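Single-structure report; data block below.
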Amino acid sequence: MASRPELKVDDEVGFIKFFRNLPDQDGDTVRIFDRGDWYTAHGEDAAFIARTVYKTTSVLRQLGRDPGLASVTLSITVFRNFLREALFRLGKRIEIWGTSGRMNWKVTKQASPGNLQDIEEDLGGQLESAPIILAVKVSAKASEARNVGVCFADASVRELGVSEFLDNDIYSNFESLLIQLGVKECLLQADGNKKDVELSKLRAVADNCGCAVSERSPADFGNRDIEQDLTRLLRDEKAAGTLPQTDLKLAMGSAAALIRYLGVMSDSSNFGQYQLYQHDLSQYMKLDASALKALNLMPGPKDGSKTMSLYGLLNHCKTPVGSRLLAQWLKQPLMSLEEIERRQQLVEAFVTDTELRQTMQEEHLRSIPDLYRLAKKFQRKIANLEDVVRAYQVAIRVPGFIGTLEGIMDERYKDPLDAEYTNKLREYSDSLGKLQEMVETTVDLDALDNHEFIIKPEFDDSLRIIRKKLDKLKHEMGVEHTKVGQDLNQDTDKKLFLENHKVHGWCFRLTRNEAGCIRNKKQYQECSTQKNGVFFTTTNLQTMRREFDQLSENYNRTQSGLVNEVVSVAASYCPVIEKLAGVLAHLDVIVSFAHTSVHAPTSYVRPKMHARGTGNTVLKEARHPCMEMQDDVSFITNDVFLQRGTSEFLIITGPNMGGKSTYIRQIGVIALMAQIGCFVPCSEAELTLFDCILARVGASDSQLKGVSTFMAEMLETANILKSATKESLIIIDELGRGTSTYDGFGLAWAISEHIVKEIGAFALFATHFHELTALVDTYPQVQNLHVVAHIGEGDDGEGEGEGEGAGSRDRREVTLLYKVEPGVCDQSFGIHVAELVRFPQKVVNMAKRKADELEDFSGKHEKGAVEASKEDVEEGSALLKEVLVRWKAEVEGKGLSKREQVDKMKELVKGNAKLLRNPFFQSVRAL
């Protein structure tokens, strides 16, 4: 890590006094003080940064005398890394304090996970998805239904979205919305008495979806001024009162809170720039937070390789706007068959035409900067001439895209590509033509080679005069360069260079090997020694350099007015740049889908999609797209049949580690991939449209939040039962683990039966309760599947040296084949898995013994009990009573040992053929 700046503060006493008088902040806000080219944090914040960034509190320093103020310093690089960590991973809010003189500290920048406007430059544009912030207001009726109104924004693209909908008592629609939008921060009404059940439920949902929660005063949600605020903000000339969205009273209250929180009204450059649209929850498939985790949609903190998540696997985007759109699409699978097929058709075009795909990726998309950030700089009036040039460079590249798209030979794809890309690009290219013309007329494009962004000297008389003088000086410097080269006998192309150094201005540089030739020569003054050589100057060059700097300053002063004009003309092209960003992002994601489909270990195929509520889901040779990409995995393919009436509910049994989880999850992943328009990892595929994917998978990490595994399981399952419809896909991987076996099995049975009878959704249930497979006897739409494990007998020498007991003659090898076949799994392979992972042999032997005892006890007892009729039980009891009476008479008072008494009993039983044949007695004897 870069060395830490030293802690030096001018007025220690004054600063400590100021800091200790600051109002208390909430635990989620971190205050950082900007000290020019380094930063500090103090008190609790310093300790937090020490633990988070430096991973040790030994970096803390005390400011002032006892009791000092704990402080920590951060270089600019460390500060930027901390910002990313604090905002994106830890959900903190940041206040950056600056000073314009002695102790005149005030907040200069504020940031939170959903509001990054002030610090976009510090983050360097490294955002994997747009920072969406949302405000929510609810009105809970006495009945089950709740009305929910939300307003959300991505501050980087000046759009406000609103939505109002009915929800159930666990807010599953609200949860789907947070996931669809990828919300990073959620504004809730502050709950003064901490007793409001609805607010605490909303907070829990937001927490579960990884949103930072900010409480705002209920007054912020008042919609008294919202209509006049919207009238000033929106692009449309009409008064906001005439917009249909303003009828959504709860959403308008949320809009008021959001506009106030983002401080939108205090910046007049926002006026007339916003658009308002209504978000329809039902146009996308619903996903809950559990499904997001189960399907590994987004990268997790522990993911080793990029391909562990679906986002990482599919992200071959070449532009930042493309990567962000991909993250959005993954959370918004489409519900419109027409839309899905349109995307599929585009993907197919790039799959079949390799040259088209590669040219797009390598030549065109690679050179596109983050256009939304670029437009934002113009909107916020912080753009400069360099940004104008970047916009120009995009404008001159658009014809290249058009030319490549026009070169398509296959007629099948011409119309779809024209409609989605070519026609729009032509329109934007025409609009940007004027921008291109202006830049070529006004900006000195030749100076870009020296990374100079200046106005052409011919454009203005006074600039032309200064430029002439600068050129003359440049020539004189060149003459001096040659002269020094001759004097020192150094090659001016390879050893002695004339350079414009950022600190020393124009000076000479010698490579370090040659630097000895200027030592002890008074006419050469050394400036500094650096890695790439020794910088030095001459009296002549110094004079020229001073004159050059002065003329350059005049040039910049003279051109600044012209630059402002050029920048403000370029800013008027923002709407076109934003539209172009949208089209290129779409193209980038589609090309990325095609790239992934072609480069998979086995190519993906285009799935046939059925309209909502029709058709079945049949996948041939399906694979899990992420699993097959991992090293050392040779993936075994499996077929999937989800058919109405015959296989709606699949129960999968089999050993742990046998691939049950992978099998059921891959079906969810494939369904989702199909509904975002991507090809899928199968040899053939047809799918029905699912309205939501609901998952209950494995023990979650809820214990950290004080929720037991069982409680978390029940909450997730309650969500499934309340949200699922006939058109949903339900994935349940183990259920009822956190309670007793009987309770767990009872719940699993009841939940399964409810899904089959009441909901009728397609469902996949991987379970360790083998008894659940009996559902197939009652319901024809239930099917049993099991994961095959092959068991081979070990021979003498096999497995030598593999731990205690290896090589023993009775060792059985278990091979998990990961193949899914119809029917019930007849054995539990837990102990064999324990052997596979080298449990100590003593433990394995003990487990086998206990398992056999339990199997004998439960299995045989149950079998006997089932087979013995009421008459058998009565007859058996009577016969047994007779035998016991005789036995008592024969042993009582005879002084027989215990052993002799048992032998006598055996003799009496053996002699009673009727008793031995009795089924009830057989079951008792088995115990």
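If you're wondering about the labels, chains in the structure tokens are A, B, ... by order shown, residues count from 1 in each chain, ligands from 1 in order shown.
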I need the helix (DSSP H, G or I) residues of stretch 158-261 of chain A per DSSP on the backbone, written as a short mmCIF file (atom, residue, chain, number, x, y, z; two decimals) with C-alpha atoms, in the first residue's frame.
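Written output follows (states-v3.cif):
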data_model
loop_
_atom_site.label_atom_id
_atom_site.label_comp_id
_atom_site.auth_asym_id
_atom_site.auth_seq_id
_atom_site.Cartn_x
_atom_site.Cartn_y
_atom_site.Cartn_z
CA SER A 172 -43.15 -9.20 -1.85
CA ASN A 173 -43.99 -6.81 -4.74
CA PHE A 174 -41.88 -4.12 -3.11
CA GLU A 175 -39.02 -6.62 -2.82
CA SER A 176 -39.34 -7.51 -6.54
CA LEU A 177 -39.27 -3.82 -7.43
CA LEU A 178 -36.08 -3.19 -5.42
CA ILE A 179 -34.45 -6.09 -7.27
CA GLN A 180 -35.77 -5.17 -10.72
CA LEU A 181 -34.35 -1.68 -10.36
CA VAL A 197 -44.79 -2.49 12.13
CA GLU A 198 -45.14 -1.57 8.44
CA LEU A 199 -42.00 0.60 8.48
CA SER A 200 -39.97 -2.09 10.19
CA LYS A 201 -41.16 -4.61 7.55
CA LEU A 202 -40.10 -2.24 4.74
CA ARG A 203 -36.72 -1.76 6.43
CA ALA A 204 -36.25 -5.55 6.70
CA VAL A 205 -37.08 -5.99 2.99
CA ALA A 206 -34.62 -3.23 2.02
CA ASP A 207 -31.93 -4.80 4.27
CA ASN A 208 -32.52 -8.18 2.70
CA PRO A 218 -42.50 12.40 7.56
CA ALA A 219 -42.81 16.08 6.57
CA ASP A 220 -40.42 15.43 3.64
CA PHE A 221 -43.03 13.09 2.18
CA ILE A 226 -44.65 18.65 -5.73
CA GLU A 227 -46.68 19.82 -8.73
CA GLN A 228 -44.89 23.15 -9.03
CA ASP A 229 -41.49 21.45 -8.46
CA LEU A 230 -42.22 18.97 -11.25
CA THR A 231 -43.41 21.75 -13.56
CA ARG A 232 -39.98 23.38 -13.20
CA LEU A 233 -38.00 20.13 -13.49
CA ALA A 240 -47.25 18.84 -14.15
CA GLY A 241 -50.85 18.82 -12.93
CA THR A 242 -52.01 17.54 -16.31
CA PRO A 244 -51.48 11.16 -15.40
CA GLN A 245 -48.72 10.22 -12.93
CA THR A 246 -49.63 13.06 -10.56
CA ASP A 247 -52.80 11.15 -9.61
CA LYS A 249 -50.71 10.42 -4.45
CA LEU A 250 -48.39 8.08 -2.52
CA ALA A 251 -45.83 8.10 -5.34
CA MET A 252 -45.96 11.90 -5.41
CA GLY A 253 -45.21 11.98 -1.66
CA SER A 254 -42.19 9.74 -2.34
CA ALA A 255 -41.15 12.03 -5.22
CA ALA A 256 -41.22 15.03 -2.87
CA ALA A 257 -38.91 13.25 -0.39
CA LEU A 258 -36.52 12.13 -3.14
CA ILE A 259 -36.29 15.57 -4.81
CA ARG A 260 -35.56 17.13 -1.43
CA TYR A 261 -32.95 14.51 -0.49
#
Practice item. From stretch 177-283 of chain A, collect each residue whose DSSP state is strand (DSSP E) and return the set as a ChimeraX atom specification. Key: /A:183-189,212-216,275-278
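The gap separating atom CA of A:Gly654 from atom CA of A:Leu619 is 21.1 Å, in Å to one decimal.
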Point to revise | Close residues, A:Leu488 itself excluded, 9 Å, only C-alpha atoms, min 5 positions apart in chain, as a list of chain:residue names | key: A:Lys483, A:Cys517, A:Ile518
**Study point:** From A:Gln490, A:Gln379, A:Ser305, A:Gln783, residue lying nearest A:Gly272 [only C-alpha atoms]
**Key:**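 With only C-alpha atoms as the atom set, the closest residue is A:Gln379.
The residue that comes closest to A:Gly400, out of A:Ile664, A:Leu365, A:Val9, A:Ala294 and on the basis of only C-alpha atoms, is A:Leu365.
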